[in-house]
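Data block for upload-v4.cif (mmCIF, C-alpha atoms, pLDDT in the B column; chains and numbers go by the auth columns):
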```cif
data_protein
#
loop_
_atom_site.group_PDB
_atom_site.id
_atom_site.type_symbol
_atom_site.label_atom_id
_atom_site.label_comp_id
_atom_site.label_asym_id
_atom_site.label_seq_id
_atom_site.Cartn_x
_atom_site.Cartn_y
_atom_site.Cartn_z
_atom_site.B_iso_or_equiv
_atom_site.auth_seq_id
_atom_site.auth_asym_id
ATOM 1 C CA MET A 1 88.778 103.923 64.783 35.00 10 A
ATOM 2 C CA PRO A 2 88.756 107.692 65.359 37.00 11 A
ATOM 3 C CA PRO A 3 90.998 109.911 63.263 38.00 12 A
ATOM 4 C CA ARG A 4 94.493 110.214 64.622 38.00 13 A
ATOM 5 C CA HIS A 5 94.270 113.937 65.426 38.00 14 A
ATOM 6 C CA ARG A 6 91.181 113.373 67.599 39.00 15 A
ATOM 7 C CA THR A 7 92.913 110.575 69.488 40.00 16 A
ATOM 8 C CA ARG A 8 95.999 112.724 70.074 41.00 17 A
ATOM 9 C CA ARG A 9 93.842 115.633 71.291 39.00 18 A
ATOM 10 C CA ARG A 10 91.936 113.351 73.655 37.00 19 A
ATOM 11 C CA ARG A 11 95.157 111.993 75.148 37.00 20 A
ATOM 12 C CA THR A 12 96.432 115.498 75.760 32.00 21 A
ATOM 13 C CA ARG A 13 93.164 116.501 77.426 33.00 22 A
ATOM 14 C CA CYS A 14 93.255 113.420 79.676 32.00 23 A
ATOM 15 C CA ARG A 15 96.831 114.132 80.740 35.00 24 A
ATOM 16 C CA ARG A 16 95.804 117.627 81.788 34.00 25 A
ATOM 17 C CA LEU A 17 92.920 116.261 83.891 32.00 26 A
ATOM 18 C CA ARG A 18 94.792 113.494 85.677 34.00 27 A
ATOM 19 C CA PRO A 19 96.246 115.444 88.597 35.00 28 A
ATOM 20 C CA ARG A 20 92.815 116.861 89.453 37.00 29 A
ATOM 21 C CA HIS A 21 90.756 113.677 89.770 43.00 30 A
ATOM 22 C CA LEU A 22 90.827 110.636 92.006 52.00 31 A
ATOM 23 C CA GLY A 23 88.579 107.706 91.116 59.00 32 A
ATOM 24 C CA ALA A 24 87.112 105.286 93.633 60.00 33 A
ATOM 25 C CA ASP A 25 86.626 101.532 93.323 55.00 34 A
ATOM 26 C CA ARG A 26 83.858 100.440 95.620 56.00 35 A
ATOM 27 C CA LYS A 27 82.248 97.288 94.263 54.00 36 A
ATOM 28 C CA PRO A 28 83.404 93.992 92.769 57.00 37 A
ATOM 29 C CA PRO A 29 82.543 94.944 89.154 52.00 38 A
ATOM 30 C CA GLY A 30 84.750 98.010 89.505 53.00 39 A
ATOM 31 C CA LEU A 31 87.660 95.852 90.584 57.00 40 A
ATOM 32 C CA ARG A 32 87.007 93.309 87.844 53.00 41 A
ATOM 33 C CA HIS A 33 87.251 95.961 85.117 49.00 42 A
ATOM 34 C CA SER A 34 89.858 98.136 86.793 51.00 43 A
ATOM 35 C CA PRO A 35 92.858 97.605 84.499 52.00 44 A
ATOM 36 C CA ARG A 36 90.923 98.573 81.378 55.00 45 A
ATOM 37 C CA ASP A 37 88.781 101.277 82.981 55.00 46 A
ATOM 38 C CA HIS A 38 91.572 102.993 84.884 49.00 47 A
ATOM 39 C CA ALA A 39 93.798 103.051 81.828 54.00 48 A
ATOM 40 C CA ARG A 40 91.092 104.960 79.921 59.00 49 A
ATOM 41 C CA ALA A 41 89.716 107.127 82.704 57.00 50 A
ATOM 42 C CA PRO A 42 91.087 110.648 83.194 62.00 51 A
ATOM 43 C CA VAL A 43 92.061 110.102 86.823 74.00 52 A
ATOM 44 C CA GLY A 44 95.227 110.793 88.774 84.00 53 A
ATOM 45 C CA GLY A 45 94.786 107.813 91.062 90.00 54 A
ATOM 46 C CA VAL A 46 92.272 105.457 92.593 93.00 55 A
ATOM 47 C CA LEU A 47 90.991 105.216 96.173 93.00 56 A
ATOM 48 C CA PHE A 48 89.808 101.893 97.578 94.00 57 A
ATOM 49 C CA GLY A 49 86.249 102.256 98.919 93.00 58 A
ATOM 50 C CA SER A 50 86.467 99.521 101.545 93.00 59 A
ATOM 51 C CA ALA A 51 83.129 100.151 103.281 93.00 60 A
ATOM 52 C CA ASP A 52 81.160 100.114 100.024 92.00 61 A
ATOM 53 C CA TYR A 53 83.050 97.065 98.786 92.00 62 A
ATOM 54 C CA ALA A 54 82.545 95.161 102.053 93.00 63 A
ATOM 55 C CA ALA A 55 78.844 96.001 102.075 93.00 64 A
ATOM 56 C CA SER A 56 78.385 94.834 98.486 93.00 65 A
ATOM 57 C CA VAL A 57 80.044 91.449 99.066 93.00 66 A
ATOM 58 C CA ARG A 58 78.806 91.161 102.676 95.00 67 A
ATOM 59 C CA CYS A 59 82.219 90.707 104.247 95.00 68 A
ATOM 60 C CA GLY A 60 83.935 92.328 107.203 95.00 69 A
ATOM 61 C CA LEU A 61 86.111 95.421 107.095 93.00 70 A
ATOM 62 C CA GLY A 62 89.128 93.602 108.544 93.00 71 A
ATOM 63 C CA TRP A 63 92.435 93.407 106.715 92.00 72 A
ATOM 64 C CA ASP A 64 92.147 89.700 105.858 94.00 73 A
ATOM 65 C CA ALA A 65 88.620 90.005 104.462 95.00 74 A
ATOM 66 C CA LEU A 66 89.681 92.802 102.098 95.00 75 A
ATOM 67 C CA HIS A 67 93.193 91.627 101.199 95.00 76 A
ATOM 68 C CA TYR A 68 92.219 90.231 97.798 95.00 77 A
ATOM 69 C CA ALA A 69 90.339 93.395 96.806 95.00 78 A
ATOM 70 C CA ARG A 70 93.250 95.580 97.892 96.00 79 A
ATOM 71 C CA SER A 71 95.728 93.478 95.933 95.00 80 A
ATOM 72 C CA ALA A 72 93.528 93.455 92.829 94.00 81 A
ATOM 73 C CA LEU A 73 93.186 97.231 92.985 94.00 82 A
ATOM 74 C CA ILE A 74 96.948 97.750 93.336 95.00 83 A
ATOM 75 C CA ASN A 75 97.616 95.473 90.360 94.00 84 A
ATOM 76 C CA ALA A 76 95.017 97.268 88.245 92.00 85 A
ATOM 77 C CA ALA A 77 96.295 100.714 89.197 92.00 86 A
ATOM 78 C CA THR A 78 99.876 99.674 88.482 92.00 87 A
ATOM 79 C CA ALA A 79 98.838 98.353 85.062 92.00 88 A
ATOM 80 C CA ALA A 80 97.172 101.724 84.382 90.00 89 A
ATOM 81 C CA ASN A 81 100.223 103.603 85.727 90.00 90 A
ATOM 82 C CA ILE A 82 98.252 105.455 88.401 92.00 91 A
ATOM 83 C CA PRO A 83 98.710 105.434 92.182 93.00 92 A
ATOM 84 C CA ALA A 84 96.397 103.444 94.443 95.00 93 A
ATOM 85 C CA ILE A 85 95.354 104.941 97.787 96.00 94 A
ATOM 86 C CA ASP A 86 94.144 102.647 100.557 97.00 95 A
ATOM 87 C CA ALA A 87 90.819 103.165 102.307 96.00 96 A
ATOM 88 C CA PRO A 88 90.687 105.035 105.592 96.00 97 A
ATOM 89 C CA THR A 89 90.989 103.190 108.876 95.00 98 A
ATOM 90 C CA TRP A 90 87.582 103.499 110.487 93.00 99 A
ATOM 91 C CA GLU A 91 88.868 103.210 114.073 93.00 100 A
ATOM 92 C CA LEU A 92 89.247 106.812 115.232 93.00 101 A
ATOM 93 C CA ASP A 93 90.700 106.429 118.719 92.00 102 A
ATOM 94 C CA ASP A 94 93.512 103.890 118.330 94.00 103 A
ATOM 95 C CA PRO A 95 96.604 105.229 116.536 94.00 104 A
ATOM 96 C CA GLY A 96 98.218 101.780 116.839 96.00 105 A
ATOM 97 C CA ILE A 97 95.573 100.253 114.575 96.00 106 A
ATOM 98 C CA LEU A 98 95.960 103.126 112.129 97.00 107 A
ATOM 99 C CA ARG A 99 99.753 102.726 112.044 97.00 108 A
ATOM 100 C CA ARG A 100 99.493 98.954 111.530 97.00 109 A
ATOM 101 C CA ASP A 101 96.974 99.407 108.700 97.00 110 A
ATOM 102 C CA ALA A 102 99.106 102.104 107.056 97.00 111 A
ATOM 103 C CA GLU A 103 102.260 99.958 107.296 98.00 112 A
ATOM 104 C CA ARG A 104 100.411 97.003 105.746 98.00 113 A
ATOM 105 C CA ALA A 105 99.065 99.229 102.980 97.00 114 A
ATOM 106 C CA LYS A 106 102.539 100.546 102.204 97.00 115 A
ATOM 107 C CA GLU A 107 103.967 97.019 102.259 96.00 116 A
ATOM 108 C CA ILE A 108 101.573 95.743 99.571 97.00 117 A
ATOM 109 C CA GLY A 109 102.048 98.751 97.295 95.00 118 A
ATOM 110 C CA PHE A 110 99.645 101.555 98.157 97.00 119 A
ATOM 111 C CA TYR A 111 101.002 105.078 97.655 94.00 120 A
ATOM 112 C CA GLY A 112 99.030 106.501 100.552 96.00 121 A
ATOM 113 C CA LYS A 113 96.001 106.100 102.757 96.00 122 A
ATOM 114 C CA GLY A 114 92.775 108.023 103.024 95.00 123 A
ATOM 115 C CA CYS A 115 91.720 109.386 106.381 92.00 124 A
ATOM 116 C CA VAL A 116 88.415 110.258 108.024 91.00 125 A
ATOM 117 C CA HIS A 117 89.770 112.416 110.831 93.00 126 A
ATOM 118 C CA PRO A 118 92.495 115.084 110.894 94.00 127 A
ATOM 119 C CA ARG A 119 94.332 113.379 113.736 94.00 128 A
ATOM 120 C CA HIS A 120 95.105 110.499 111.356 96.00 129 A
ATOM 121 C CA VAL A 121 97.161 112.703 109.030 96.00 130 A
ATOM 122 C CA GLN A 122 100.342 112.711 111.120 96.00 131 A
ATOM 123 C CA VAL A 123 100.534 108.915 111.428 97.00 132 A
ATOM 124 C CA ILE A 124 99.794 108.404 107.731 97.00 133 A
ATOM 125 C CA ASN A 125 102.448 110.930 106.746 96.00 134 A
ATOM 126 C CA GLU A 126 104.996 109.285 109.061 96.00 135 A
ATOM 127 C CA VAL A 127 104.378 105.875 107.504 97.00 136 A
ATOM 128 C CA PHE A 128 104.318 106.935 103.847 96.00 137 A
ATOM 129 C CA THR A 129 107.136 109.486 103.971 95.00 138 A
ATOM 130 C CA PRO A 130 110.441 107.730 103.220 95.00 139 A
ATOM 131 C CA SER A 131 112.747 107.691 106.227 94.00 140 A
ATOM 132 C CA THR A 132 116.311 108.973 106.039 95.00 141 A
ATOM 133 C CA GLU A 133 117.452 105.332 106.257 96.00 142 A
ATOM 134 C CA GLU A 134 115.261 104.332 103.286 96.00 143 A
ATOM 135 C CA ILE A 135 116.597 107.246 101.252 97.00 144 A
ATOM 136 C CA ALA A 136 120.213 106.440 102.196 97.00 145 A
ATOM 137 C CA GLN A 137 119.652 102.784 101.239 97.00 146 A
ATOM 138 C CA ALA A 138 118.158 103.842 97.891 97.00 147 A
ATOM 139 C CA ARG A 139 121.155 106.101 97.203 97.00 148 A
ATOM 140 C CA ALA A 140 123.516 103.214 98.030 97.00 149 A
ATOM 141 C CA ILE A 141 121.651 100.940 95.618 97.00 150 A
ATOM 142 C CA VAL A 142 121.799 103.566 92.847 97.00 151 A
ATOM 143 C CA ALA A 143 125.539 104.040 93.459 97.00 152 A
ATOM 144 C CA ALA A 144 126.080 100.269 93.330 97.00 153 A
ATOM 145 C CA ALA A 145 124.050 100.055 90.108 97.00 154 A
ATOM 146 C CA ASP A 146 126.162 102.774 88.514 97.00 155 A
ATOM 147 C CA ALA A 147 129.419 101.177 89.718 96.00 156 A
ATOM 148 C CA SER A 148 128.398 97.744 88.367 96.00 157 A
ATOM 149 C CA GLY A 149 127.266 99.101 85.019 95.00 158 A
ATOM 150 C CA GLY A 150 123.707 98.021 85.777 93.00 159 A
ATOM 151 C CA THR A 151 124.545 94.355 86.308 96.00 160 A
ATOM 152 C CA VAL A 152 123.589 92.328 89.350 96.00 161 A
ATOM 153 C CA THR A 153 125.615 93.313 92.400 96.00 162 A
ATOM 154 C CA THR A 154 125.440 93.280 96.186 95.00 163 A
ATOM 155 C CA VAL A 155 124.582 96.043 98.617 96.00 164 A
ATOM 156 C CA ASP A 156 125.042 95.398 102.343 93.00 165 A
ATOM 157 C CA GLY A 157 125.243 91.660 101.708 94.00 166 A
ATOM 158 C CA GLN A 158 122.040 91.473 99.648 95.00 167 A
ATOM 159 C CA MET A 159 121.815 90.744 95.943 96.00 168 A
ATOM 160 C CA ARG A 160 120.471 93.674 93.916 97.00 169 A
ATOM 161 C CA GLY A 161 119.547 93.888 90.242 95.00 170 A
ATOM 162 C CA THR A 162 117.390 95.822 87.808 96.00 171 A
ATOM 163 C CA PRO A 163 114.080 95.807 89.745 95.00 172 A
ATOM 164 C CA PHE A 164 115.863 97.097 92.860 96.00 173 A
ATOM 165 C CA PHE A 165 117.783 99.668 90.810 96.00 174 A
ATOM 166 C CA ASN A 166 114.587 100.992 89.239 96.00 175 A
ATOM 167 C CA ARG A 167 112.764 101.258 92.553 95.00 176 A
ATOM 168 C CA ALA A 168 115.743 102.952 94.217 96.00 177 A
ATOM 169 C CA ARG A 169 116.131 105.424 91.330 97.00 178 A
ATOM 170 C CA ALA A 170 112.425 106.285 91.522 94.00 179 A
ATOM 171 C CA LEU A 171 112.713 106.997 95.263 94.00 180 A
ATOM 172 C CA VAL A 172 115.880 109.080 94.837 96.00 181 A
ATOM 173 C CA ASP A 173 114.328 111.032 91.948 95.00 182 A
ATOM 174 C CA GLU A 174 111.137 111.684 93.918 91.00 183 A
ATOM 175 C CA THR A 175 113.132 112.751 96.996 92.00 184 A
ATOM 176 C CA ASP A 176 115.346 115.095 94.973 93.00 185 A
ATOM 177 C CA ARG A 177 112.320 116.536 93.171 92.00 186 A
ATOM 178 C CA THR A 178 110.367 117.257 96.377 87.00 187 A
ATOM 179 C CA SER A 179 113.291 118.461 98.518 78.00 188 A
#
```
Since I need it in another form, could you write the structure as structure tokens?
Amino acid sequence: MPPRHRTRRRRTRCRRLRPRHLGADRKPPGLRHSPRDHARAPVGGVLFGSADYAASVRCGLGWDALHYARSALINAATAANIPAIDAPTWELDDPGILRRDAERAKEIGFYGKGCVHPRHVQVINEVFTPSTEEIAQARAIVAAADASGGTVTTVDGQMRGTPFFNRARALVDETDRTS
């Protein structure tokens, strides 16, 4: 075990590096070791390398073929407390496919999506930027949490408790911080 002062110094150095680096998981061994490796690595997030992964396991690039790998990467990144970014959509000329892929990626927990062409940026930003309705809903959930003293309550006819409160607070905090 290294001396405590060296460990503390290393942690500080890694924190400073995190915003500057984005790791990539491209092959099955990378996904298998992701929770441990990402927790130790000085990265600010991880990007799913779908083409490399699909080539290494000889599967297609379709959503269903890569669903397990995407889910495993999101779980590993969450365990390491770093954001996961989905692979680019390789179809350049169909914004409908891009939008569908981005919506699916957001639904399963990705923080964003890589892109291979500048014309993809607008669609990706539209999908991953919280809408005014999502922000209003989050504010309503936070208000309900505060009014209920943090106990289970209802918002617009739906039961809400701690996991919903935490997610809503994170969205409100992020929105207020970036506004």
Provide the CA of Pro139 (chain A) to CA of Leu70 (chain A) distance in Å, to one decimal place.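 Between CA of Pro139 (chain A) and CA of Leu70 (chain A) the gap is 27.5 Å.
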d(CA of Ser188 (chain A), CA of Phe174 (chain A)) in Å: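 Going from CA of Ser188 (chain A) over to CA of Phe174 (chain A), I get 20.8 Å.
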Just checking: using only C-alpha atoms, which residue out of A:Ile144, A:Ile133, A:Ala78, A:Arg169 ends up closest to Ile106 (chain A)?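 So, comparing all the options, the nearest one is A:Ile133.
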Explicit residue set for the PyMOL selection byres ((chain A and resi 149) around 12), as an MDAnalysis selection string: chainID A and resid 142:148 150:156 162:165 167 169 173:174 177:178 180:181
Would you kindly return, as a list in words, each protein, DNA or RNA residue with an atom no farther than 10 Å from any atom of Pro92 (chain A), considering all atoms listed in the file and excluding same-chain residues fewer than 5 positions away?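 Those residues are Leu31, Val52, Gly53, Gly54, Val55, Leu56, Leu82, Ile83, Ala85, Ala86, Thr87, Gly118, Phe119, Tyr120 and Gly121 of chain A.
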Excluding same-chain residues fewer than 2 positions from Gly123 (chain A), what lies within 8 Å of it counting all atoms listed in the file, as a list in words?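 In the requested format, the answer is Leu56, Ile94, Asp95, Ala96, Pro97, Thr98, Gly121 and Val125 of chain A.
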I'd like the residues picked by the PyMOL selection byres ((chain A and resi 128) around 12) written out as number ranges by chain, using the chain letters and numbers from the file. A: 98, 100-104, 107, 124-127, 129-134
Using CA of Glu183 (chain A) and CA of His76 (chain A) as the two end points, give the distance in Å to one decimal.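 The value is 27.9 Å.
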Given all atoms listed in the file as the counted atoms, nearest of A:Arg113, A:Ala88, A:Thr171, A:Lys122 to Phe57 (chain A):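 Comparing A:Arg113, A:Ala88, A:Thr171, A:Lys122 against Phe57 (chain A), the winner is A:Lys122.
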Among A:Trp72, A:Ser59, A:Asn90, A:Thr141, Ala111 (chain A) is approached most closely, using only C-alpha atoms, by A:Trp72
Counting all atoms listed in the file, which residue out of A:Glu135, A:Glu116, A:Asp110, A:Asp185 sits closest to Asp73 (chain A)? A:Asp110
Which residue gives the smallest distance to Phe137 (chain A) among A:Met168, A:Arg176, A:Trp99, A:Glu112, with all atoms listed in the file counted?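 So, comparing all the options, the nearest one is A:Glu112.
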Let me make sure I understand: among A:Thr184, A:Ala74, A:Asn175, A:Arg79, which one has the smallest atom-to-atom distance to Ser140 (chain A) if we use all atoms listed in the file?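 Using all atoms listed in the file, Ser140 (chain A) sits closest to A:Thr184.
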